[in-house]
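Student: Just run_27.csv, nothing more (CSV, C-alpha atoms and all ligand atoms):
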```
chain,number,residue,atom,x,y,z
S,204,MET,CA,8.5,-51.9,-15.1
S,205,SER,CA,5.4,-52.9,-17.1
S,206,VAL,CA,3.0,-50.5,-18.8
S,207,ILE,CA,-0.2,-50.4,-16.7
S,208,LEU,CA,-2.2,-47.9,-18.7
S,209,SER,CA,-1.8,-46.5,-22.2
S,210,VAL,CA,-3.7,-44.5,-24.8
S,211,GLU,CA,-3.2,-44.5,-28.5
S,212,LYS,CA,-4.3,-41.8,-31.0
S,213,LEU,CA,-6.8,-40.6,-28.4
S,214,SER,CA,-9.2,-37.7,-29.3
S,215,HIS,CA,-12.3,-36.3,-27.7
S,216,GLN,CA,-14.6,-33.8,-29.3
S,217,TYR,CA,-17.4,-31.8,-27.6
S,218,LYS,CA,-19.5,-30.2,-30.3
S,219,GLN,CA,-17.2,-27.3,-31.3
S,220,THR,CA,-14.3,-28.1,-29.0
S,221,THR,CA,-11.5,-30.6,-29.5
S,222,ALA,CA,-10.7,-31.3,-25.9
S,223,ILE,CA,-8.2,-34.1,-26.6
S,224,ASN,CA,-6.3,-34.0,-29.9
S,225,ASN,CA,-4.6,-37.3,-31.0
S,226,VAL,CA,-2.7,-38.1,-27.8
S,227,ASP,CA,-0.4,-41.1,-27.2
S,228,LEU,CA,0.7,-41.8,-23.7
S,229,THR,CA,2.0,-44.7,-21.6
S,230,ILE,CA,1.9,-45.0,-17.8
S,231,THR,CA,4.1,-47.5,-16.0
S,232,ALA,CA,3.0,-49.5,-13.0
S,233,GLY,CA,4.1,-47.8,-9.8
S,234,GLU,CA,4.6,-44.4,-11.6
S,235,CYS,CA,3.3,-41.2,-10.0
S,236,ILE,CA,2.3,-39.0,-12.9
S,237,GLY,CA,1.0,-35.4,-12.6
S,238,PHE,CA,-1.0,-33.6,-15.4
S,239,LEU,CA,-0.5,-29.9,-15.5
S,240,GLY,CA,-2.0,-27.3,-17.9
S,241,PRO,CA,-4.0,-24.1,-18.0
S,242,ASN,CA,-7.8,-24.0,-17.7
S,243,GLY,CA,-9.4,-25.8,-20.5
S,244,ALA,CA,-6.2,-27.7,-21.5
S,245,GLY,CA,-8.0,-31.0,-21.5
S,246,LYS,CA,-6.7,-32.5,-18.2
S,247,SER,CA,-10.1,-33.5,-16.7
S,248,THR,CA,-11.3,-34.9,-20.0
S,249,LEU,CA,-8.2,-37.0,-20.3
S,250,LEU,CA,-8.5,-38.2,-16.7
S,251,GLU,CA,-12.2,-39.1,-17.1
S,252,ILE,CA,-11.3,-41.1,-20.2
S,253,LEU,CA,-8.4,-42.9,-18.3
S,254,GLU,CA,-10.9,-43.6,-15.5
S,255,GLY,CA,-13.3,-45.2,-17.9
S,256,VAL,CA,-15.9,-42.6,-16.9
S,257,LYS,CA,-16.0,-41.0,-20.4
S,258,THR,CA,-15.8,-42.8,-23.8
S,259,PRO,CA,-13.4,-41.0,-26.2
S,260,THR,CA,-14.6,-40.0,-29.6
S,261,SER,CA,-11.7,-42.0,-31.1
S,262,GLY,CA,-8.6,-43.9,-30.1
S,263,LYS,CA,-7.8,-46.6,-27.6
S,264,VAL,CA,-7.4,-46.9,-23.9
S,265,LEU,CA,-5.6,-50.0,-22.7
S,266,PHE,CA,-5.3,-51.3,-19.2
S,267,GLN,CA,-2.4,-53.9,-18.9
S,268,GLY,CA,-2.5,-54.0,-22.7
S,269,ARG,CA,-6.2,-54.8,-23.0
S,270,GLN,CA,-9.3,-52.7,-23.7
S,271,LEU,CA,-11.2,-51.6,-20.6
S,272,THR,CA,-13.8,-54.0,-19.3
S,273,LYS,CA,-16.5,-53.7,-16.6
S,274,HIS,CA,-14.1,-55.2,-14.1
S,275,TYR,CA,-11.8,-52.1,-14.6
S,276,LYS,CA,-13.8,-50.0,-12.1
S,277,GLN,CA,-13.1,-52.7,-9.4
S,278,GLN,CA,-9.3,-52.1,-9.9
S,279,ILE,CA,-9.1,-48.3,-9.8
S,280,GLY,CA,-9.9,-45.7,-7.2
S,281,ILE,CA,-11.0,-42.2,-8.0
S,282,GLN,CA,-11.0,-39.0,-5.9
S,283,PHE,CA,-13.3,-36.7,-7.9
S,284,GLN,CA,-13.0,-32.9,-7.6
S,285,SER,CA,-16.4,-32.9,-5.8
S,286,THR,CA,-18.3,-35.9,-4.4
S,287,SER,CA,-21.7,-35.9,-2.7
S,288,LEU,CA,-21.6,-37.9,0.5
S,289,PRO,CA,-24.6,-39.5,2.2
S,290,ASP,CA,-26.0,-37.3,5.0
S,291,PHE,CA,-26.0,-38.4,8.6
S,292,LEU,CA,-23.4,-41.2,8.2
S,293,THR,CA,-20.3,-41.1,10.2
S,294,VAL,CA,-16.8,-41.3,8.6
S,295,LYS,CA,-16.6,-45.0,9.6
S,296,ASP,CA,-20.1,-45.8,8.3
S,297,THR,CA,-19.4,-43.9,5.0
S,298,LEU,CA,-16.3,-46.1,4.5
S,299,LEU,CA,-18.4,-49.3,5.3
S,300,LEU,CA,-21.0,-48.2,2.8
S,301,PHE,CA,-18.4,-47.6,0.0
S,302,ALA,CA,-16.6,-50.9,0.9
S,303,SER,CA,-19.9,-52.7,0.3
S,304,PHE,CA,-19.8,-51.6,-3.4
S,305,TYR,CA,-16.7,-53.7,-4.1
S,306,HIS,CA,-15.9,-57.4,-4.4
S,307,THR,CA,-12.9,-57.0,-2.1
S,308,ALA,CA,-12.2,-54.1,0.3
S,309,LEU,CA,-9.4,-53.1,2.7
S,310,PRO,CA,-10.3,-53.3,6.4
S,311,ILE,CA,-11.9,-50.1,7.6
S,312,ALA,CA,-9.4,-49.8,10.5
S,313,THR,CA,-6.6,-49.9,7.9
S,314,LEU,CA,-8.1,-47.1,5.9
S,315,ILE,CA,-8.8,-45.0,8.9
S,316,GLU,CA,-5.2,-45.3,10.0
S,317,MET,CA,-3.7,-44.8,6.5
S,318,CYS,CA,-5.6,-41.6,6.0
S,319,GLN,CA,-5.3,-40.4,9.7
S,320,LEU,CA,-9.0,-40.2,10.4
S,321,SER,CA,-9.2,-41.9,13.8
S,322,GLU,CA,-9.9,-38.6,15.6
S,323,VAL,CA,-13.0,-38.1,13.5
S,324,GLU,CA,-14.2,-41.6,12.7
S,325,ASN,CA,-17.5,-41.1,14.6
S,326,GLN,CA,-18.2,-37.6,13.2
S,327,THR,CA,-20.5,-37.0,10.2
S,328,HIS,CA,-18.9,-35.7,7.1
S,329,TYR,CA,-20.4,-32.2,7.3
S,330,THR,CA,-18.7,-31.6,10.6
S,331,LEU,CA,-15.2,-32.2,9.1
S,332,SER,CA,-12.6,-29.5,8.2
S,333,GLY,CA,-11.6,-29.1,4.6
S,334,GLY,CA,-8.5,-31.2,5.1
S,335,GLN,CA,-10.3,-34.0,7.0
S,336,ARG,CA,-12.9,-34.1,4.3
S,337,GLN,CA,-10.3,-34.5,1.6
S,338,ARG,CA,-8.6,-37.3,3.7
S,339,LEU,CA,-12.0,-39.0,3.9
S,340,LEU,CA,-12.4,-38.8,0.1
S,341,LEU,CA,-8.9,-40.2,-0.2
S,342,ALA,CA,-9.8,-43.1,2.1
S,343,LEU,CA,-13.0,-43.7,0.0
S,344,SER,CA,-10.9,-43.9,-3.2
S,345,LEU,CA,-8.6,-46.5,-1.5
S,346,VAL,CA,-11.5,-48.6,-0.2
S,347,ASN,CA,-11.0,-51.4,-2.8
S,348,ASP,CA,-7.1,-51.3,-2.6
S,349,PRO,CA,-7.0,-50.1,-6.2
S,350,GLU,CA,-4.1,-50.7,-8.6
S,351,ILE,CA,-4.4,-47.2,-9.9
S,352,LEU,CA,-5.4,-44.1,-7.8
S,353,PHE,CA,-6.8,-41.1,-9.6
S,354,LEU,CA,-6.6,-37.8,-7.8
S,355,ASP,CA,-8.3,-34.9,-9.6
S,356,GLU,CA,-7.1,-31.6,-8.0
S,357,PRO,CA,-7.3,-33.1,-4.5
S,358,THR,CA,-5.9,-30.1,-2.7
S,359,THR,CA,-7.6,-27.2,-4.4
S,360,GLY,CA,-9.0,-24.9,-1.7
S,361,LEU,CA,-7.1,-26.4,1.2
S,362,ASP,CA,-4.9,-24.2,3.4
S,363,PRO,CA,-1.1,-24.8,3.0
S,364,GLN,CA,-0.9,-26.9,6.2
S,365,ALA,CA,-3.8,-29.2,5.2
S,366,ARG,CA,-2.3,-29.4,1.7
S,367,ALA,CA,1.2,-30.4,3.0
S,368,HIS,CA,-0.5,-33.1,5.2
S,369,PHE,CA,-2.5,-34.5,2.3
S,370,TRP,CA,0.6,-34.7,0.1
S,371,GLN,CA,2.4,-36.5,2.9
S,372,LEU,CA,-0.3,-39.2,2.9
S,373,VAL,CA,-0.1,-39.5,-0.9
S,374,GLU,CA,3.7,-39.9,-0.5
S,375,GLN,CA,3.1,-42.8,1.8
S,376,ILE,CA,0.6,-44.4,-0.6
S,377,LYS,CA,3.1,-43.9,-3.4
S,378,ALA,CA,5.8,-45.7,-1.3
S,379,GLN,CA,3.5,-48.8,-1.3
S,380,GLY,CA,4.0,-48.9,-5.1
S,381,LYS,CA,0.6,-47.8,-6.3
S,382,THR,CA,0.2,-46.1,-9.6
S,383,ILE,CA,-1.0,-42.5,-8.9
S,384,ILE,CA,-2.4,-40.2,-11.6
S,385,ILE,CA,-2.9,-36.6,-10.4
S,386,THR,CA,-4.1,-33.3,-11.8
S,387,THR,CA,-3.0,-30.3,-9.8
S,388,HIS,CA,-2.4,-26.6,-10.1
S,389,TYR,CA,0.3,-26.6,-7.5
S,390,MET,CA,3.6,-26.8,-9.4
S,391,GLU,CA,5.9,-27.1,-6.4
S,392,GLU,CA,4.0,-30.1,-5.1
S,393,ALA,CA,3.9,-31.8,-8.5
S,394,GLN,CA,7.7,-31.3,-8.8
S,395,LYS,CA,8.3,-32.8,-5.4
S,396,LEU,CA,5.8,-35.7,-5.6
S,397,CYS,CA,5.5,-36.8,-9.2
S,398,ASP,CA,8.1,-39.1,-10.9
S,399,THR,CA,6.7,-37.7,-14.2
S,400,VAL,CA,4.9,-34.5,-15.1
S,401,VAL,CA,2.9,-34.0,-18.3
S,402,ILE,CA,2.3,-30.5,-19.5
S,403,MET,CA,-0.8,-30.2,-21.6
S,404,ASP,CA,-2.4,-27.4,-23.6
S,405,ARG,CA,-5.3,-27.3,-26.1
S,406,GLY,CA,-5.8,-31.0,-25.9
S,407,LYS,CA,-2.2,-31.9,-26.7
S,408,ILE,CA,0.8,-33.1,-24.6
S,409,LEU,CA,3.5,-30.5,-24.8
S,410,CYS,CA,6.1,-32.5,-22.8
S,411,ARG,CA,6.4,-35.5,-20.5
S,412,GLY,CA,9.2,-36.5,-18.2
S,413,ALA,CA,10.9,-36.0,-14.9
S,414,ALA,CA,10.5,-32.4,-13.8
S,415,ALA,CA,14.2,-31.8,-13.3
S,416,GLN,CA,15.1,-33.4,-16.6
S,417,LEU,CA,12.5,-31.4,-18.5
S,418,ILE,CA,13.7,-28.2,-16.9
S,419,SER,CA,17.3,-28.8,-17.8
S,420,GLU,CA,16.3,-29.7,-21.4
S,421,HIS,CA,14.4,-26.5,-21.8
S,422,PHE,CA,16.6,-24.0,-20.0
S,423,HIS,CA,20.3,-23.4,-20.3
S,424,GLN,CA,20.1,-20.1,-18.7
S,425,HIS,CA,19.5,-18.5,-15.3
S,426,ILE,CA,16.5,-16.4,-14.6
S,427,LEU,CA,16.4,-12.8,-13.3
S,428,SER,CA,13.1,-12.1,-11.6
S,429,ILE,CA,12.1,-8.5,-11.1
S,430,PRO,CA,8.9,-7.4,-9.3
S,431,MET,CA,6.8,-5.4,-11.8
S,432,GLU,CA,6.5,-2.5,-9.4
S,433,LEU,CA,10.2,-1.8,-9.8
S,434,LEU,CA,10.0,-1.3,-13.5
S,435,SER,CA,8.8,1.8,-15.2
S,436,THR,CA,7.0,1.5,-18.6
S,437,PRO,CA,10.0,2.8,-20.6
S,438,MET,CA,12.3,0.4,-18.7
S,439,LEU,CA,10.1,-2.5,-19.5
S,440,ALA,CA,10.0,-1.5,-23.1
S,441,SER,CA,13.8,-1.3,-23.3
S,442,ILE,CA,14.2,-4.7,-21.7
S,443,ASN,CA,11.7,-6.2,-24.2
S,444,ALA,CA,13.7,-4.7,-27.0
S,445,MET,CA,17.0,-6.3,-26.0
S,446,ALA,CA,17.5,-8.9,-28.7
S,447,ASN,CA,19.8,-11.3,-26.6
S,448,LEU,CA,17.3,-11.7,-23.8
S,449,HIS,CA,14.2,-13.9,-23.5
S,450,VAL,CA,11.6,-12.0,-21.5
S,451,LYS,CA,8.3,-13.2,-20.1
S,452,GLN,CA,5.9,-11.3,-17.9
S,453,SER,CA,3.8,-13.0,-15.2
S,454,ALA,CA,1.1,-11.0,-13.3
S,455,THR,CA,3.6,-9.9,-10.7
S,456,HIS,CA,7.1,-10.3,-12.1
S,457,CYS,CA,9.2,-9.7,-15.2
S,458,LEU,CA,11.3,-12.9,-15.8
S,459,ILE,CA,14.4,-12.6,-17.9
S,460,GLU,CA,16.4,-15.6,-19.0
S,461,TYR,CA,20.1,-14.8,-19.5
S,462,ASN,CA,23.4,-16.7,-20.1
S,463,HIS,CA,26.0,-14.1,-19.2
S,464,MET,CA,26.0,-11.6,-16.3
S,465,GLU,CA,27.0,-8.8,-18.7
S,466,ASP,CA,23.7,-9.2,-20.6
S,467,ILE,CA,21.8,-7.9,-17.6
S,468,VAL,CA,24.3,-5.6,-15.9
S,469,ALA,CA,22.7,-2.6,-17.6
S,470,ILE,CA,19.3,-3.6,-16.3
S,471,LEU,CA,20.6,-4.1,-12.8
S,472,ARG,CA,22.2,-0.7,-12.8
S,473,GLU,CA,18.9,1.0,-13.6
S,474,VAL,CA,16.7,-0.9,-11.3
S,475,GLU,CA,17.0,-0.7,-7.5
S,476,ASN,CA,18.4,-3.9,-6.2
S,477,ARG,CA,15.5,-4.5,-3.8
S,478,GLY,CA,13.3,-7.5,-4.4
S,479,ILE,CA,15.3,-8.9,-7.4
S,480,THR,CA,16.2,-12.6,-7.4
S,481,MET,CA,18.4,-14.7,-9.5
S,482,ARG,CA,17.6,-18.3,-9.5
S,483,GLN,CA,17.5,-21.6,-11.3
S,484,PRO,CA,14.4,-22.1,-13.4
S,485,HIS,CA,11.7,-24.3,-11.9
S,486,LEU,CA,8.7,-26.2,-13.2
S,487,GLU,CA,6.4,-23.1,-13.3
S,488,ASP,CA,8.9,-21.4,-15.6
S,489,LEU,CA,8.8,-24.4,-17.9
S,490,PHE,CA,5.0,-24.3,-17.8
S,491,MET,CA,5.0,-20.6,-18.7
S,492,LYS,CA,7.5,-21.2,-21.5
S,493,LEU,CA,5.5,-24.0,-23.1
S,494,THR,CA,1.9,-22.8,-22.5
S,495,GLY,CA,2.3,-19.0,-22.1
S,496,SER,CA,-0.2,-19.3,-19.2
S,497,GLU,CA,0.1,-19.1,-15.5
S,498,LEU,CA,-1.5,-21.7,-13.3
S,499,ARG,CA,-4.6,-20.8,-11.4
S,500,ALA,CA,-3.8,-20.3,-7.7
S,601,LIG,N1,-19.2,-31.2,-21.3
S,601,LIG,C1,-18.6,-30.4,-22.1
S,601,LIG,N2,-19.2,-29.8,-23.1
S,601,LIG,C2,-18.6,-29.0,-24.0
S,601,LIG,N3,-17.3,-28.6,-23.8
S,601,LIG,C3,-16.7,-29.1,-22.8
S,601,LIG,C4,-17.3,-30.0,-21.8
S,601,LIG,N4,-16.3,-30.3,-20.9
S,601,LIG,C5,-15.2,-29.6,-21.2
S,601,LIG,N5,-15.4,-28.9,-22.3
S,601,LIG,C6,-14.4,-28.1,-23.0
S,601,LIG,O1,-13.3,-28.9,-23.4
S,601,LIG,C7,-12.0,-28.3,-23.1
S,601,LIG,C8,-11.2,-29.1,-22.1
S,601,LIG,O2,-11.9,-29.0,-20.9
S,601,LIG,P1,-11.3,-29.8,-19.6
S,601,LIG,O3,-12.3,-29.6,-18.5
S,601,LIG,O4,-10.9,-31.2,-19.9
S,601,LIG,O5,-10.0,-28.9,-19.3
S,601,LIG,P2,-9.1,-28.9,-17.9
S,601,LIG,O6,-7.7,-28.8,-18.4
S,601,LIG,O7,-9.5,-30.0,-17.0
S,601,LIG,O8,-9.5,-27.5,-17.3
S,601,LIG,P3,-9.6,-27.0,-15.8
S,601,LIG,O9,-8.2,-26.8,-15.3
S,601,LIG,O10,-10.3,-25.7,-15.9
S,601,LIG,O11,-10.4,-28.0,-15.0
S,601,LIG,C9,-12.4,-26.9,-22.6
S,601,LIG,O12,-12.4,-26.0,-23.7
S,601,LIG,C10,-13.8,-27.0,-22.1
S,601,LIG,O13,-14.5,-25.8,-22.2
```
Go ahead and render the structure in this file as structure tokens.

Tutor:
Amino acid sequence: MSVILSVEKLSHQYKQTTAINNVDLTITAGECIGFLGPNGAGKSTLLEILEGVKTPTSGKVLFQGRQLTKHYKQQIGIQFQSTSLPDFLTVKDTLLLFASFYHTALPIATLIEMCQLSEVENQTHYTLSGGQRQRLLLALSLVNDPEILFLDEPTTGLDPQARAHFWQLVEQIKAQGKTIIITTHYMEEAQKLCDTVVIMDRGKILCRGAAAQLISEHFHQHILSIPMELLSTPMLASINAMANLHVKQSATHCLIEYNHMEDIVAILREVENRGITMRQPHLEDLFMKLTGSELRA
């Protein structure tokens, strides 16, 4: 597969803040890549640079091996975190308006079908539900049949059903072979949908790869997850003091990595067995391990 987009020695500085710090990255044509990171990690800045919306302080951005040109905007589609839509236009007319901005555009009927908007095609955008509005924004980002689709936190604020529906559509678009670049705070979805995840913090890339591969590289252990309400303060202190265990605390749980059952038998004896789970590590554990932060819900 060929490299569609790459950055070399990329940095971006806002007055006092280094938002992107000497990043190198390649994205392959047809790859679905998800950027994860705590607030302020630099995801939006990097995305805006990749979209050609922001000029980096230093470094290169290459599309198919060449510097970005004016034509680049015709070849990409962007679903921004928030977009103002023209008042009083129906879904169909909004799509027609956006299509007129491009040299070539997909037929409106195709977009309506692809993003499951037929039931609302004659409604104005302010009468749409949150999920329908996001599907309209998705359709607008696909108007020019882009080679690369950028989705910046597309499902934030949607209910779980609307979120699942949205990701199903993205899955179908991915199956058409488009390159998709996503930022999201939903780990499970990133793990399911993305071929590659990139975990960022403080303007740097901490790791990049397939979620399952990264998890197996970083964890050789199991994880014991104990709800905090089951642990007294002295109990927590004694767990933290056990040298052979790696212990992390989230807002709700104490997460203990262990290799051997005997390492945690003492703990299990003291804690009531209710609400305790033993499981394989997942992407959120890797995120916590690398960044020390939890994702915003
Ligand atoms: N226009 C700006 N002027 C000054 N500082 C900025 C500006 N935009 C972003 N920053 C700072 O740059 C850093 C990276 O911000 P960025 O928005 O790229 O992070 P993010 O990972 O997208 O965060 P979030 O998940 O909260 O959207 C942060 O410290 C932020 O405060």

Student: Determine, using all atoms listed in the file, which residues of chain S have any atom at most 6 Å from an atom of ligand LIG 601 (chain S), and tabulate each with its shortest atom pair and distance in Å to one decimal place, rows ordered by chain and then rising number, as CSV.

Tutor:
```
residue,atom,partner,partner_atom,distance
S:Tyr217,CA,S:LIG601,C2,4.7
S:Thr220,CA,S:LIG601,O1,5.7
S:Ala222,CA,S:LIG601,C7,4.3
S:Gly240,CA,S:LIG601,O6,5.9
S:Pro241,CA,S:LIG601,O9,5.7
S:Asn242,CA,S:LIG601,O10,3.5
S:Gly243,CA,S:LIG601,O5,3.4
S:Ala244,CA,S:LIG601,O6,3.6
S:Gly245,CA,S:LIG601,O4,3.3
S:Lys246,CA,S:LIG601,O6,3.8
S:Ser247,CA,S:LIG601,O7,3.6
S:Thr248,CA,S:LIG601,O4,3.7
```

Student: Which residue out of S:Asn462, S:Ser344, S:Gln452, S:Gln335 has the minimum interatomic distance to Met491 in chain S when all atoms listed in the file are used?

Tutor: S:Gln452

Student: Interatomic distance between CA of Leu239 in chain S and CA of Ile402 in chain S?

Tutor: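 Interatomic distance here is 4.9 Å.
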
Student: Counting only C-alpha atoms, which residues sit no farther than 10 Å from the position (-18.9, -46.3, 0.0) in the file's frame? I'd like them as a PyMOL selection string.

Tutor: chain S and resi 288-289+295-305+340+342-344+346-347

Student: Skipping near chain neighbours, those fewer than 6 positions away, what residues fall within 10 Å of range 250-256 of chain S using all atoms listed in the file, listed as a list in words?

Tutor: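 Surrounding residues, per the criterion: Leu208, Ser209, Val210, Leu213, Ser214, His215, Ile223, Phe238, Lys263, Val264, Leu265, Phe266, Leu271, Thr272, Lys273, Tyr275, Lys276, Ile279, Gly280, Ile281, Phe283, Ile351, Leu352, Phe353, Leu354, Asp355, Ile384, Ile385 and Thr386 of chain S.
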
Student: Give the answer as one residue: which of S:Leu309, S:Met481, S:Val400, S:Ala440 has the shortest atom-to-atom distance to Gly412 in chain S, using all atoms listed in the file?

Tutor: S:Val400

Student: Could you give me range 379-399 of chain S completed to N, CA and C atoms, formatted as a short mmCIF file (atom, residue, chain, number, x, y, z; two decimals), keeping the file's coordinate frame?

Tutor:
```cif
data_model
loop_
_atom_site.label_atom_id
_atom_site.label_comp_id
_atom_site.auth_asym_id
_atom_site.auth_seq_id
_atom_site.Cartn_x
_atom_site.Cartn_y
_atom_site.Cartn_z
N GLN S 379 3.99 -47.38 -1.26
CA GLN S 379 3.50 -48.80 -1.30
C GLN S 379 3.51 -49.32 -2.74
N GLY S 380 3.88 -48.46 -3.70
CA GLY S 380 4.00 -48.90 -5.10
C GLY S 380 2.81 -48.77 -5.96
N LYS S 381 1.81 -48.03 -5.46
CA LYS S 381 0.60 -47.80 -6.30
C LYS S 381 0.90 -46.85 -7.43
N THR S 382 0.18 -47.05 -8.53
CA THR S 382 0.20 -46.10 -9.60
C THR S 382 -0.68 -44.93 -9.26
N ILE S 383 -0.16 -43.70 -9.34
CA ILE S 383 -1.00 -42.50 -8.90
C ILE S 383 -1.01 -41.55 -10.11
N ILE S 384 -2.23 -41.14 -10.44
CA ILE S 384 -2.40 -40.20 -11.60
C ILE S 384 -3.11 -38.95 -10.98
N ILE S 385 -2.44 -37.80 -11.09
CA ILE S 385 -2.90 -36.60 -10.40
C ILE S 385 -3.08 -35.44 -11.37
N THR S 386 -4.12 -34.63 -11.16
CA THR S 386 -4.10 -33.30 -11.80
C THR S 386 -3.98 -32.31 -10.63
N THR S 387 -3.17 -31.31 -10.80
CA THR S 387 -3.00 -30.30 -9.80
C THR S 387 -2.63 -28.97 -10.39
N HIS S 388 -2.91 -27.90 -9.66
CA HIS S 388 -2.40 -26.60 -10.10
C HIS S 388 -1.26 -26.14 -9.25
N TYR S 389 -0.82 -27.02 -8.34
CA TYR S 389 0.30 -26.60 -7.50
C TYR S 389 1.60 -27.25 -8.01
N MET S 390 2.37 -26.39 -8.68
CA MET S 390 3.60 -26.80 -9.40
C MET S 390 4.64 -27.41 -8.43
N GLU S 391 4.85 -26.71 -7.32
CA GLU S 391 5.90 -27.10 -6.40
C GLU S 391 5.66 -28.57 -5.92
N GLU S 392 4.36 -28.81 -5.63
CA GLU S 392 4.00 -30.10 -5.10
C GLU S 392 4.15 -31.18 -6.21
N ALA S 393 3.75 -30.81 -7.42
CA ALA S 393 3.90 -31.80 -8.50
C ALA S 393 5.38 -32.09 -8.72
N GLN S 394 6.22 -31.07 -8.63
CA GLN S 394 7.70 -31.30 -8.80
C GLN S 394 8.25 -32.19 -7.77
N LYS S 395 7.75 -32.03 -6.53
CA LYS S 395 8.30 -32.80 -5.40
C LYS S 395 7.78 -34.27 -5.48
N LEU S 396 6.48 -34.42 -5.76
CA LEU S 396 5.80 -35.70 -5.60
C LEU S 396 5.90 -36.63 -6.82
N CYS S 397 5.76 -36.01 -8.00
CA CYS S 397 5.50 -36.80 -9.20
C CYS S 397 6.86 -37.29 -9.82
N ASP S 398 6.90 -38.57 -10.19
CA ASP S 398 8.10 -39.10 -10.90
C ASP S 398 8.09 -38.44 -12.31
N THR S 399 6.87 -38.24 -12.83
CA THR S 399 6.70 -37.70 -14.20
C THR S 399 5.70 -36.61 -14.19
#
```
